[in-house]
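**Q** One file is attached below, coords.txt, containing compact mmCIF, N, CA and C atoms.
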```
# COMPACT_ATOMS: atom_id res chain seq x y z
N MET S 1 -21.98 -32.71 -40.12
CA MET S 1 -23.23 -32.34 -39.48
C MET S 1 -24.39 -32.69 -40.40
N ARG S 2 -25.41 -33.26 -39.83
CA ARG S 2 -26.57 -33.69 -40.56
C ARG S 2 -27.50 -32.54 -40.85
N PRO S 3 -28.03 -32.44 -42.08
CA PRO S 3 -28.97 -31.33 -42.35
C PRO S 3 -30.29 -31.56 -41.61
N ARG S 4 -30.89 -30.47 -41.24
CA ARG S 4 -32.17 -30.54 -40.51
C ARG S 4 -33.30 -30.85 -41.47
N ALA S 5 -34.23 -31.69 -41.00
CA ALA S 5 -35.38 -32.05 -41.82
C ALA S 5 -36.44 -30.97 -41.71
N SER S 6 -37.16 -30.77 -42.78
CA SER S 6 -38.24 -29.79 -42.76
C SER S 6 -39.43 -30.36 -42.00
N ILE S 7 -40.36 -29.48 -41.63
CA ILE S 7 -41.55 -29.90 -40.89
C ILE S 7 -42.37 -30.88 -41.73
N ALA S 8 -42.45 -30.65 -43.02
CA ALA S 8 -43.20 -31.56 -43.90
C ALA S 8 -42.56 -32.94 -43.93
N GLU S 9 -41.25 -33.00 -43.96
CA GLU S 9 -40.55 -34.28 -43.96
C GLU S 9 -40.74 -35.02 -42.64
N ILE S 10 -40.74 -34.29 -41.54
CA ILE S 10 -40.95 -34.91 -40.22
C ILE S 10 -42.36 -35.49 -40.15
N GLY S 11 -43.35 -34.73 -40.63
CA GLY S 11 -44.73 -35.22 -40.63
C GLY S 11 -44.88 -36.46 -41.50
N LEU S 12 -44.23 -36.46 -42.64
CA LEU S 12 -44.28 -37.60 -43.54
C LEU S 12 -43.65 -38.83 -42.88
N THR S 13 -42.52 -38.63 -42.22
CA THR S 13 -41.84 -39.73 -41.55
C THR S 13 -42.71 -40.31 -40.45
N ARG S 14 -43.36 -39.48 -39.69
CA ARG S 14 -44.24 -39.96 -38.61
C ARG S 14 -45.42 -40.75 -39.19
N ARG S 15 -46.00 -40.24 -40.28
CA ARG S 15 -47.10 -40.96 -40.93
C ARG S 15 -46.63 -42.32 -41.44
N MET S 16 -45.44 -42.34 -41.99
CA MET S 16 -44.90 -43.60 -42.52
C MET S 16 -44.68 -44.60 -41.39
N ARG S 17 -44.20 -44.12 -40.25
CA ARG S 17 -44.00 -45.00 -39.09
C ARG S 17 -45.33 -45.54 -38.58
N ARG S 18 -46.34 -44.65 -38.49
CA ARG S 18 -47.66 -45.10 -38.04
C ARG S 18 -48.25 -46.12 -39.00
N THR S 19 -48.12 -45.86 -40.30
CA THR S 19 -48.63 -46.80 -41.30
C THR S 19 -47.92 -48.14 -41.18
N ALA S 20 -46.61 -48.10 -41.02
CA ALA S 20 -45.84 -49.34 -40.88
C ALA S 20 -46.24 -50.08 -39.62
N LEU S 21 -46.46 -49.36 -38.53
CA LEU S 21 -46.87 -49.98 -37.28
C LEU S 21 -48.25 -50.62 -37.42
N ARG S 22 -49.18 -49.90 -38.03
CA ARG S 22 -50.52 -50.46 -38.24
C ARG S 22 -50.46 -51.70 -39.11
N SER S 23 -49.65 -51.66 -40.15
CA SER S 23 -49.51 -52.83 -41.02
C SER S 23 -48.95 -54.01 -40.25
N ALA S 24 -47.97 -53.77 -39.40
CA ALA S 24 -47.38 -54.84 -38.60
C ALA S 24 -48.41 -55.43 -37.65
N VAL S 25 -49.23 -54.59 -37.05
CA VAL S 25 -50.27 -55.07 -36.13
C VAL S 25 -51.29 -55.92 -36.89
N VAL S 26 -51.71 -55.47 -38.06
CA VAL S 26 -52.67 -56.24 -38.86
C VAL S 26 -52.09 -57.59 -39.24
N VAL S 27 -50.85 -57.62 -39.66
CA VAL S 27 -50.20 -58.89 -40.03
C VAL S 27 -50.14 -59.81 -38.81
N ALA S 28 -49.78 -59.27 -37.65
CA ALA S 28 -49.69 -60.09 -36.44
C ALA S 28 -51.05 -60.67 -36.06
N VAL S 29 -52.10 -59.89 -36.17
CA VAL S 29 -53.44 -60.37 -35.85
C VAL S 29 -53.87 -61.47 -36.81
N VAL S 30 -53.65 -61.26 -38.11
CA VAL S 30 -54.02 -62.27 -39.10
C VAL S 30 -53.25 -63.57 -38.87
N LEU S 31 -51.96 -63.48 -38.60
CA LEU S 31 -51.17 -64.68 -38.34
C LEU S 31 -51.64 -65.38 -37.06
N GLY S 32 -51.96 -64.62 -36.05
CA GLY S 32 -52.46 -65.20 -34.81
C GLY S 32 -53.76 -65.94 -35.01
N LEU S 33 -54.69 -65.33 -35.76
CA LEU S 33 -55.96 -65.98 -36.01
C LEU S 33 -55.81 -67.23 -36.85
N SER S 34 -54.96 -67.17 -37.87
CA SER S 34 -54.80 -68.34 -38.73
C SER S 34 -54.12 -69.48 -37.98
N SER S 35 -53.18 -69.19 -37.11
CA SER S 35 -52.55 -70.26 -36.34
C SER S 35 -53.52 -70.83 -35.32
N GLY S 36 -54.41 -70.01 -34.80
CA GLY S 36 -55.44 -70.51 -33.89
C GLY S 36 -56.38 -71.47 -34.58
N CYS S 37 -56.76 -71.16 -35.81
CA CYS S 37 -57.62 -72.05 -36.58
C CYS S 37 -56.92 -73.36 -36.88
N ALA S 38 -55.64 -73.29 -37.18
CA ALA S 38 -54.87 -74.52 -37.46
C ALA S 38 -54.77 -75.38 -36.22
N THR S 39 -54.63 -74.77 -35.06
CA THR S 39 -54.56 -75.52 -33.82
C THR S 39 -55.88 -76.22 -33.53
N ILE S 40 -56.97 -75.53 -33.75
CA ILE S 40 -58.29 -76.14 -33.55
C ILE S 40 -58.50 -77.29 -34.51
N ARG S 41 -58.13 -77.09 -35.79
CA ARG S 41 -58.30 -78.16 -36.78
C ARG S 41 -57.45 -79.37 -36.40
N ARG S 42 -56.23 -79.14 -35.93
CA ARG S 42 -55.35 -80.24 -35.52
C ARG S 42 -55.97 -81.01 -34.36
N HIS S 43 -56.51 -80.29 -33.38
CA HIS S 43 -57.15 -80.94 -32.23
C HIS S 43 -58.34 -81.77 -32.68
N ASP S 44 -59.18 -81.21 -33.54
CA ASP S 44 -60.35 -81.94 -34.03
C ASP S 44 -59.93 -83.19 -34.80
N THR S 45 -58.87 -83.07 -35.60
CA THR S 45 -58.37 -84.21 -36.37
C THR S 45 -57.87 -85.30 -35.44
N LEU S 46 -57.11 -84.94 -34.43
CA LEU S 46 -56.61 -85.93 -33.47
C LEU S 46 -57.74 -86.62 -32.73
N GLN S 47 -58.76 -85.84 -32.36
CA GLN S 47 -59.91 -86.42 -31.66
C GLN S 47 -60.65 -87.41 -32.56
N THR S 48 -60.84 -87.05 -33.82
CA THR S 48 -61.50 -87.94 -34.78
C THR S 48 -60.69 -89.21 -34.96
N GLU S 49 -59.38 -89.07 -35.10
CA GLU S 49 -58.53 -90.24 -35.31
C GLU S 49 -58.52 -91.17 -34.10
N GLN S 50 -58.60 -90.60 -32.90
CA GLN S 50 -58.69 -91.44 -31.69
C GLN S 50 -59.99 -92.24 -31.69
N MET S 51 -61.08 -91.60 -32.10
CA MET S 51 -62.36 -92.33 -32.16
C MET S 51 -62.35 -93.39 -33.25
N LEU S 52 -61.74 -93.09 -34.40
CA LEU S 52 -61.64 -94.07 -35.47
C LEU S 52 -60.85 -95.29 -34.99
N ALA S 53 -59.75 -95.07 -34.31
CA ALA S 53 -58.94 -96.18 -33.79
C ALA S 53 -59.73 -96.98 -32.76
N ALA S 54 -60.45 -96.27 -31.89
CA ALA S 54 -61.25 -96.95 -30.87
C ALA S 54 -62.37 -97.78 -31.50
N ALA S 55 -62.86 -97.36 -32.66
CA ALA S 55 -63.93 -98.09 -33.35
C ALA S 55 -63.40 -99.27 -34.15
N GLY S 56 -62.08 -99.39 -34.25
CA GLY S 56 -61.50 -100.53 -34.94
C GLY S 56 -60.94 -100.23 -36.32
N PHE S 57 -60.96 -98.97 -36.73
CA PHE S 57 -60.37 -98.61 -38.02
C PHE S 57 -58.87 -98.89 -37.97
N ARG S 58 -58.30 -99.29 -39.09
CA ARG S 58 -56.87 -99.56 -39.18
C ARG S 58 -56.16 -98.34 -39.76
N MET S 59 -55.05 -97.97 -39.14
CA MET S 59 -54.26 -96.85 -39.63
C MET S 59 -53.15 -97.39 -40.53
N LYS S 60 -53.06 -96.79 -41.71
CA LYS S 60 -52.01 -97.17 -42.65
C LYS S 60 -51.19 -95.92 -42.95
N LEU S 61 -49.90 -95.96 -42.60
CA LEU S 61 -49.03 -94.80 -42.81
C LEU S 61 -48.68 -94.64 -44.28
N ALA S 62 -48.58 -93.40 -44.70
CA ALA S 62 -48.10 -93.10 -46.04
C ALA S 62 -46.58 -93.04 -45.94
N ASP S 63 -45.95 -94.22 -45.94
CA ASP S 63 -44.52 -94.33 -45.68
C ASP S 63 -43.65 -94.37 -46.93
N THR S 64 -44.27 -94.15 -48.07
CA THR S 64 -43.49 -94.03 -49.31
C THR S 64 -43.95 -92.77 -50.04
N PRO S 65 -43.12 -92.22 -50.90
CA PRO S 65 -43.54 -91.03 -51.65
C PRO S 65 -44.79 -91.29 -52.51
N GLU S 66 -44.93 -92.50 -53.02
CA GLU S 66 -46.10 -92.82 -53.83
C GLU S 66 -47.38 -92.81 -52.99
N LYS S 67 -47.30 -93.41 -51.80
CA LYS S 67 -48.48 -93.43 -50.91
C LYS S 67 -48.85 -92.00 -50.47
N LEU S 68 -47.84 -91.21 -50.15
CA LEU S 68 -48.09 -89.82 -49.73
C LEU S 68 -48.72 -89.02 -50.87
N ALA S 69 -48.24 -89.21 -52.07
CA ALA S 69 -48.81 -88.52 -53.23
C ALA S 69 -50.26 -88.93 -53.44
N HIS S 70 -50.56 -90.23 -53.29
CA HIS S 70 -51.95 -90.70 -53.44
C HIS S 70 -52.81 -90.17 -52.31
N LEU S 71 -52.27 -90.18 -51.09
CA LEU S 71 -53.01 -89.68 -49.93
C LEU S 71 -53.45 -88.23 -50.14
N GLN S 72 -52.60 -87.43 -50.76
CA GLN S 72 -52.90 -86.02 -50.97
C GLN S 72 -53.95 -85.80 -52.06
N THR S 73 -54.29 -86.83 -52.82
CA THR S 73 -55.36 -86.70 -53.82
C THR S 73 -56.72 -87.03 -53.24
N LEU S 74 -56.75 -87.65 -52.04
CA LEU S 74 -58.01 -88.05 -51.42
C LEU S 74 -58.63 -86.87 -50.67
N THR S 75 -59.94 -86.96 -50.43
CA THR S 75 -60.64 -85.93 -49.66
C THR S 75 -60.10 -85.94 -48.24
N PRO S 76 -59.52 -84.81 -47.78
CA PRO S 76 -58.91 -84.81 -46.44
C PRO S 76 -59.94 -84.68 -45.33
N ARG S 77 -59.66 -85.39 -44.24
CA ARG S 77 -60.42 -85.30 -42.98
C ARG S 77 -61.92 -85.51 -43.13
N ARG S 78 -62.31 -86.42 -44.00
CA ARG S 78 -63.72 -86.78 -44.18
C ARG S 78 -63.80 -88.30 -44.33
N LEU S 79 -64.79 -88.90 -43.73
CA LEU S 79 -65.02 -90.33 -43.93
C LEU S 79 -65.74 -90.50 -45.26
N VAL S 80 -65.11 -91.22 -46.16
CA VAL S 80 -65.64 -91.38 -47.51
C VAL S 80 -65.87 -92.87 -47.77
N PRO S 81 -67.09 -93.24 -48.21
CA PRO S 81 -67.35 -94.66 -48.51
C PRO S 81 -66.71 -95.06 -49.84
N HIS S 82 -66.20 -96.31 -49.88
CA HIS S 82 -65.61 -96.88 -51.09
C HIS S 82 -66.08 -98.32 -51.22
N ARG S 83 -66.39 -98.72 -52.45
CA ARG S 83 -66.71 -100.13 -52.73
C ARG S 83 -65.48 -100.80 -53.28
N ARG S 84 -65.20 -101.98 -52.73
CA ARG S 84 -64.06 -102.76 -53.21
C ARG S 84 -64.42 -104.23 -53.08
N ALA S 85 -64.43 -104.93 -54.19
CA ALA S 85 -64.78 -106.36 -54.23
C ALA S 85 -66.15 -106.59 -53.57
N ASP S 86 -67.13 -105.82 -53.98
CA ASP S 86 -68.51 -105.91 -53.45
C ASP S 86 -68.60 -105.74 -51.94
N GLN S 87 -67.64 -105.09 -51.35
CA GLN S 87 -67.65 -104.81 -49.91
C GLN S 87 -67.56 -103.30 -49.73
N LEU S 88 -68.33 -102.77 -48.78
CA LEU S 88 -68.30 -101.33 -48.50
C LEU S 88 -67.26 -101.05 -47.42
N TYR S 89 -66.35 -100.13 -47.73
CA TYR S 89 -65.32 -99.69 -46.80
C TYR S 89 -65.42 -98.18 -46.63
N TYR S 90 -64.84 -97.71 -45.55
CA TYR S 90 -64.77 -96.27 -45.30
C TYR S 90 -63.31 -95.88 -45.14
N ALA S 91 -62.97 -94.73 -45.71
CA ALA S 91 -61.59 -94.25 -45.65
C ALA S 91 -61.58 -92.82 -45.11
N TYR S 92 -60.59 -92.54 -44.28
CA TYR S 92 -60.38 -91.21 -43.71
C TYR S 92 -58.92 -90.85 -43.97
N ALA S 93 -58.71 -89.87 -44.83
CA ALA S 93 -57.35 -89.47 -45.21
C ALA S 93 -56.90 -88.27 -44.37
N ASP S 94 -55.70 -88.37 -43.84
CA ASP S 94 -55.10 -87.25 -43.10
C ASP S 94 -53.71 -86.99 -43.66
N PRO S 95 -53.62 -86.11 -44.68
CA PRO S 95 -52.32 -85.85 -45.28
C PRO S 95 -51.47 -84.85 -44.50
N GLU S 96 -52.01 -84.26 -43.43
CA GLU S 96 -51.28 -83.20 -42.73
C GLU S 96 -50.77 -83.61 -41.36
N VAL S 97 -51.62 -84.16 -40.51
CA VAL S 97 -51.24 -84.42 -39.13
C VAL S 97 -50.44 -85.73 -39.02
N CYS S 98 -51.06 -86.85 -39.35
CA CYS S 98 -50.35 -88.13 -39.21
C CYS S 98 -49.84 -88.68 -40.54
N ARG S 99 -50.25 -88.06 -41.63
CA ARG S 99 -49.90 -88.55 -42.97
C ARG S 99 -50.23 -90.04 -43.07
N CYS S 100 -51.52 -90.30 -42.84
CA CYS S 100 -51.96 -91.69 -42.83
C CYS S 100 -53.37 -91.80 -43.38
N LEU S 101 -53.80 -93.04 -43.56
CA LEU S 101 -55.14 -93.36 -44.06
C LEU S 101 -55.77 -94.32 -43.08
N TYR S 102 -56.95 -94.00 -42.58
CA TYR S 102 -57.71 -94.91 -41.72
C TYR S 102 -58.73 -95.62 -42.60
N THR S 103 -58.81 -96.94 -42.48
CA THR S 103 -59.78 -97.71 -43.25
C THR S 103 -60.57 -98.59 -42.31
N GLY S 104 -61.87 -98.74 -42.63
CA GLY S 104 -62.72 -99.58 -41.81
C GLY S 104 -63.91 -100.10 -42.58
N THR S 105 -64.57 -101.08 -41.99
CA THR S 105 -65.75 -101.71 -42.59
C THR S 105 -67.01 -100.99 -42.14
N GLU S 106 -68.14 -101.46 -42.63
CA GLU S 106 -69.43 -100.89 -42.23
C GLU S 106 -69.65 -101.04 -40.72
N THR S 107 -69.27 -102.18 -40.16
CA THR S 107 -69.42 -102.41 -38.72
C THR S 107 -68.58 -101.41 -37.92
N GLN S 108 -67.36 -101.19 -38.36
CA GLN S 108 -66.49 -100.24 -37.68
C GLN S 108 -67.00 -98.81 -37.85
N TYR S 109 -67.59 -98.52 -39.00
CA TYR S 109 -68.18 -97.21 -39.23
C TYR S 109 -69.34 -96.97 -38.26
N GLN S 110 -70.18 -97.99 -38.06
CA GLN S 110 -71.30 -97.87 -37.12
C GLN S 110 -70.79 -97.64 -35.69
N ALA S 111 -69.71 -98.34 -35.33
CA ALA S 111 -69.11 -98.15 -33.99
C ALA S 111 -68.57 -96.73 -33.86
N TYR S 112 -67.95 -96.22 -34.92
CA TYR S 112 -67.46 -94.84 -34.90
C TYR S 112 -68.61 -93.86 -34.72
N GLN S 113 -69.71 -94.08 -35.43
CA GLN S 113 -70.88 -93.19 -35.31
C GLN S 113 -71.40 -93.16 -33.87
N GLN S 114 -71.41 -94.33 -33.22
CA GLN S 114 -71.85 -94.39 -31.82
C GLN S 114 -70.90 -93.60 -30.91
N LEU S 115 -69.60 -93.77 -31.13
CA LEU S 115 -68.62 -93.03 -30.32
C LEU S 115 -68.75 -91.52 -30.55
N ALA S 116 -68.95 -91.12 -31.80
CA ALA S 116 -69.10 -89.70 -32.11
C ALA S 116 -70.35 -89.13 -31.45
N LEU S 117 -71.43 -89.90 -31.45
CA LEU S 117 -72.67 -89.47 -30.79
C LEU S 117 -72.45 -89.31 -29.28
N GLN S 118 -71.77 -90.28 -28.68
CA GLN S 118 -71.48 -90.19 -27.24
C GLN S 118 -70.62 -88.97 -26.94
N GLN S 119 -69.66 -88.68 -27.80
CA GLN S 119 -68.79 -87.52 -27.60
C GLN S 119 -69.58 -86.22 -27.70
N ARG S 120 -70.48 -86.14 -28.69
CA ARG S 120 -71.32 -84.93 -28.83
C ARG S 120 -72.19 -84.73 -27.60
N ARG S 121 -72.78 -85.83 -27.10
CA ARG S 121 -73.63 -85.72 -25.91
C ARG S 121 -72.81 -85.28 -24.70
N ALA S 122 -71.61 -85.82 -24.55
CA ALA S 122 -70.74 -85.43 -23.43
C ALA S 122 -70.36 -83.95 -23.55
N ASP S 123 -70.05 -83.50 -24.76
CA ASP S 123 -69.71 -82.08 -24.97
C ASP S 123 -70.90 -81.18 -24.63
N GLU S 124 -72.09 -81.59 -25.05
CA GLU S 124 -73.29 -80.81 -24.76
C GLU S 124 -73.57 -80.76 -23.27
N ALA S 125 -73.38 -81.88 -22.58
CA ALA S 125 -73.60 -81.92 -21.13
C ALA S 125 -72.60 -81.01 -20.41
N LEU S 126 -71.36 -81.01 -20.87
CA LEU S 126 -70.35 -80.13 -20.27
C LEU S 126 -70.71 -78.66 -20.49
N MET S 127 -71.13 -78.33 -21.69
CA MET S 127 -71.52 -76.94 -21.98
C MET S 127 -72.72 -76.53 -21.13
N ALA S 128 -73.68 -77.42 -20.96
CA ALA S 128 -74.85 -77.11 -20.13
C ALA S 128 -74.44 -76.91 -18.68
N ALA S 129 -73.54 -77.75 -18.18
CA ALA S 129 -73.07 -77.62 -16.79
C ALA S 129 -72.34 -76.30 -16.60
N GLN S 130 -71.52 -75.91 -17.58
CA GLN S 130 -70.80 -74.64 -17.49
C GLN S 130 -71.77 -73.46 -17.54
N ALA S 131 -72.81 -73.57 -18.37
CA ALA S 131 -73.81 -72.49 -18.45
C ALA S 131 -74.56 -72.37 -17.13
N ASN S 132 -74.91 -73.51 -16.51
CA ASN S 132 -75.60 -73.48 -15.23
C ASN S 132 -74.72 -72.88 -14.13
N LEU S 133 -73.45 -73.21 -14.15
CA LEU S 133 -72.53 -72.66 -13.16
C LEU S 133 -72.40 -71.15 -13.34
N ASN S 134 -72.30 -70.72 -14.57
CA ASN S 134 -72.20 -69.29 -14.86
C ASN S 134 -73.46 -68.55 -14.43
N ALA S 135 -74.63 -69.16 -14.66
CA ALA S 135 -75.90 -68.52 -14.31
C ALA S 135 -76.05 -68.39 -12.80
N SER S 136 -75.46 -69.33 -12.06
CA SER S 136 -75.62 -69.30 -10.60
C SER S 136 -74.70 -68.28 -9.93
N MET S 137 -73.73 -67.77 -10.66
CA MET S 137 -72.82 -66.77 -10.09
C MET S 137 -73.54 -65.42 -9.98
N ASP S 138 -73.32 -64.74 -8.88
CA ASP S 138 -73.89 -63.41 -8.68
C ASP S 138 -72.84 -62.38 -9.07
N TRP S 139 -72.75 -62.10 -10.36
CA TRP S 139 -71.73 -61.20 -10.87
C TRP S 139 -72.01 -59.75 -10.49
N GLU S 140 -73.24 -59.40 -10.20
CA GLU S 140 -73.59 -58.02 -9.88
C GLU S 140 -72.97 -57.55 -8.57
N MET S 141 -72.67 -58.47 -7.66
CA MET S 141 -72.11 -58.05 -6.38
C MET S 141 -70.71 -57.47 -6.55
N TRP S 142 -70.08 -57.68 -7.69
CA TRP S 142 -68.75 -57.16 -7.93
C TRP S 142 -68.77 -55.73 -8.47
N GLY S 143 -69.94 -55.22 -8.72
CA GLY S 143 -70.03 -53.86 -9.21
C GLY S 143 -69.78 -53.78 -10.70
N PRO S 144 -69.62 -52.55 -11.21
CA PRO S 144 -69.43 -52.40 -12.65
C PRO S 144 -68.09 -52.99 -13.11
N TRP S 145 -68.12 -53.54 -14.30
CA TRP S 145 -66.93 -54.13 -14.90
C TRP S 145 -66.23 -53.06 -15.74
N PRO S 146 -64.98 -53.23 -16.03
CA PRO S 146 -64.23 -52.21 -16.77
C PRO S 146 -64.81 -51.94 -18.15
N TRP S 147 -65.46 -52.88 -18.78
CA TRP S 147 -65.96 -52.66 -20.14
C TRP S 147 -67.36 -52.11 -20.17
N TYR S 148 -67.94 -51.77 -19.01
CA TYR S 148 -69.28 -51.17 -19.01
C TYR S 148 -69.17 -49.70 -19.21
```
Let me see the structure of the file written as structure tokens.

**A**
Amino acid sequence: MRPRASIAEIGLTRRMRRTALRSAVVVAVVLGLSSGCATIRRHDTLQTEQMLAAAGFRMKLADTPEKLAHLQTLTPRRLVPHRRADQLYYAYADPEVCRCLYTGTETQYQAYQQLALQQRRADEALMAAQANLNASMDWEMWGPWPWY
């Protein structure tokens, strides 16, 4: 037969369970938020790489351990200018998603800038259209919302 726990022990056990549950919830929220940020970063990286390819940048895979090690020393996910043989080049290192290096000339960089500008304008137009659609809705006819 199991000995009966005292009231103090029962209270302590309940507090410990609540603390453990709260800790688990906090960990779950933090993990959820961090994975959401990683998903957004991955999407942004893929979108940038699609525009770089469309602008004529060449993708070079880090297909050897030496190339991968060098790729990881470069500034990640930023277009960085480099001079080589009196010629200006641009490099975009992605050590995480595609494990590759995009390289392009000044002309290709200008084409990329134009594509990026067009994308920003399209995104802004979409956001404005969504805001206009939202403004035209008569939400008051639905009465009070649960969070009021």

**Q** From the list S:Thr105, S:Asp63, S:Phe57, S:Asn132, which residue is nearest S:Arg84 when using only C-alpha atoms?

**A**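 Smallest distance to S:Arg84 is found for S:Thr105.
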
**Q** With 6.5 Å as the threshold, what does the neighbourhood of (-48.4, -90.8, -44.7) contain in terms of residues, counting all atoms listed in the file? Coordinates are those of the file; answer as a list in words.

**A** Lys60, Leu61, Ala62, Asp63, Thr64, Lys67, Leu68, Pro95, Cys98, Arg99, Cys100 and Leu101 of chain S

**Q** Which residues are close to S:Leu88, i.e. within 6 Å by all atoms listed in the file, leaving aside same-chain residues fewer than 2 positions away? Reply as a PyMOL selection string.

**A** chain S and resi 82-84+86+90+104-106

**Q** Would you compute the distance between atom C of S:Gln110 and atom C of S:Ala129? Give it in Å to one decimal.

**A**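 Calculated distance between atom C of S:Gln110 and atom C of S:Ala129 is 28.7 Å.
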
**Q** Find the residue from S:Val97, S:Val80, S:Met141, S:Ala111 that sits nearest to S:Thr45; use only N, CA and C atoms when measuring.

**A**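 Nearest candidate to S:Thr45 out of S:Val97, S:Val80, S:Met141, S:Ala111: S:Val97.
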
**Q** What separation in Å, quoted to one decimal, exists between atom CA of S:Arg42 and atom CA of S:Thr75?

**A**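 Computing the Euclidean distance for atom CA of S:Arg42 and atom CA of S:Thr75 yields 16.1 Å.
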
**Q** Mind giving me the straight-line distance from atom CA of S:Ala93 to atom CA of S:Arg120 in Å, one decimal?

**A** 22.0 Å

**Q** Please provide as a ChimeraX atom specification all residues within 12 Å of S:Ala116, with the sequence filter that same-chain residues fewer than 6 positions apart are discarded (counting only C-alpha atoms).

**A** /S:44,47-52,54-55,109-110,122-123

**Q** If you run DSSP on this backbone, which residues of stretch 32-138 of chain S come out as alpha helix (DSSP H), and could you give them as a VMD selection string?

**A** chain S and resid 32 to 54 65 to 71 106 to 136

**Q** From the options S:Tyr89, S:Glu96, S:Gln118, S:Tyr102, which residue's atoms come nearest to S:Ala53, counting only N, CA and C atoms?

**A**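 Looking at the shortest contact to S:Ala53, the residue is S:Tyr102.
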
**Q** If you run DSSP on the backbone here, which positions in stretch 63-117 of chain S get strand (DSSP E or B)? Please write them as a compact mmCIF listing (two decimals) with N, CA and C atoms, keeping the file's coordinate frame.

**A**
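To be explicit, this is the file written out as out38.txt:
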```
# COMPACT_ATOMS: atom_id res chain seq x y z
N PRO S 76 -59.52 -84.81 -47.78
CA PRO S 76 -58.91 -84.81 -46.44
C PRO S 76 -59.94 -84.68 -45.33
N LEU S 79 -64.79 -88.90 -43.73
CA LEU S 79 -65.02 -90.33 -43.93
C LEU S 79 -65.74 -90.50 -45.26
N VAL S 80 -65.11 -91.22 -46.16
CA VAL S 80 -65.64 -91.38 -47.51
C VAL S 80 -65.87 -92.87 -47.77
N PRO S 81 -67.09 -93.24 -48.21
CA PRO S 81 -67.35 -94.66 -48.51
C PRO S 81 -66.71 -95.06 -49.84
N HIS S 82 -66.20 -96.31 -49.88
CA HIS S 82 -65.61 -96.88 -51.09
C HIS S 82 -66.08 -98.32 -51.22
N ARG S 83 -66.39 -98.72 -52.45
CA ARG S 83 -66.71 -100.13 -52.73
C ARG S 83 -65.48 -100.80 -53.28
N ARG S 84 -65.20 -101.98 -52.73
CA ARG S 84 -64.06 -102.76 -53.21
C ARG S 84 -64.42 -104.23 -53.08
N GLN S 87 -67.64 -105.09 -51.35
CA GLN S 87 -67.65 -104.81 -49.91
C GLN S 87 -67.56 -103.30 -49.73
N LEU S 88 -68.33 -102.77 -48.78
CA LEU S 88 -68.30 -101.33 -48.50
C LEU S 88 -67.26 -101.05 -47.42
N TYR S 89 -66.35 -100.13 -47.73
CA TYR S 89 -65.32 -99.69 -46.80
C TYR S 89 -65.42 -98.18 -46.63
N TYR S 90 -64.84 -97.71 -45.55
CA TYR S 90 -64.77 -96.27 -45.30
C TYR S 90 -63.31 -95.88 -45.14
N ALA S 91 -62.97 -94.73 -45.71
CA ALA S 91 -61.59 -94.25 -45.65
C ALA S 91 -61.58 -92.82 -45.11
N TYR S 92 -60.59 -92.54 -44.28
CA TYR S 92 -60.38 -91.21 -43.71
C TYR S 92 -58.92 -90.85 -43.97
N ALA S 93 -58.71 -89.87 -44.83
CA ALA S 93 -57.35 -89.47 -45.21
C ALA S 93 -56.90 -88.27 -44.37
N ASP S 94 -55.70 -88.37 -43.84
CA ASP S 94 -55.10 -87.25 -43.10
C ASP S 94 -53.71 -86.99 -43.66
N CYS S 100 -51.52 -90.30 -42.84
CA CYS S 100 -51.96 -91.69 -42.83
C CYS S 100 -53.37 -91.80 -43.38
N LEU S 101 -53.80 -93.04 -43.56
CA LEU S 101 -55.14 -93.36 -44.06
C LEU S 101 -55.77 -94.32 -43.08
N TYR S 102 -56.95 -94.00 -42.58
CA TYR S 102 -57.71 -94.91 -41.72
C TYR S 102 -58.73 -95.62 -42.60
N THR S 103 -58.81 -96.94 -42.48
CA THR S 103 -59.78 -97.71 -43.25
C THR S 103 -60.57 -98.59 -42.31
N GLY S 104 -61.87 -98.74 -42.63
CA GLY S 104 -62.72 -99.58 -41.81
C GLY S 104 -63.91 -100.10 -42.58
N THR S 105 -64.57 -101.08 -41.99
CA THR S 105 -65.75 -101.71 -42.59
C THR S 105 -67.01 -100.99 -42.14
```
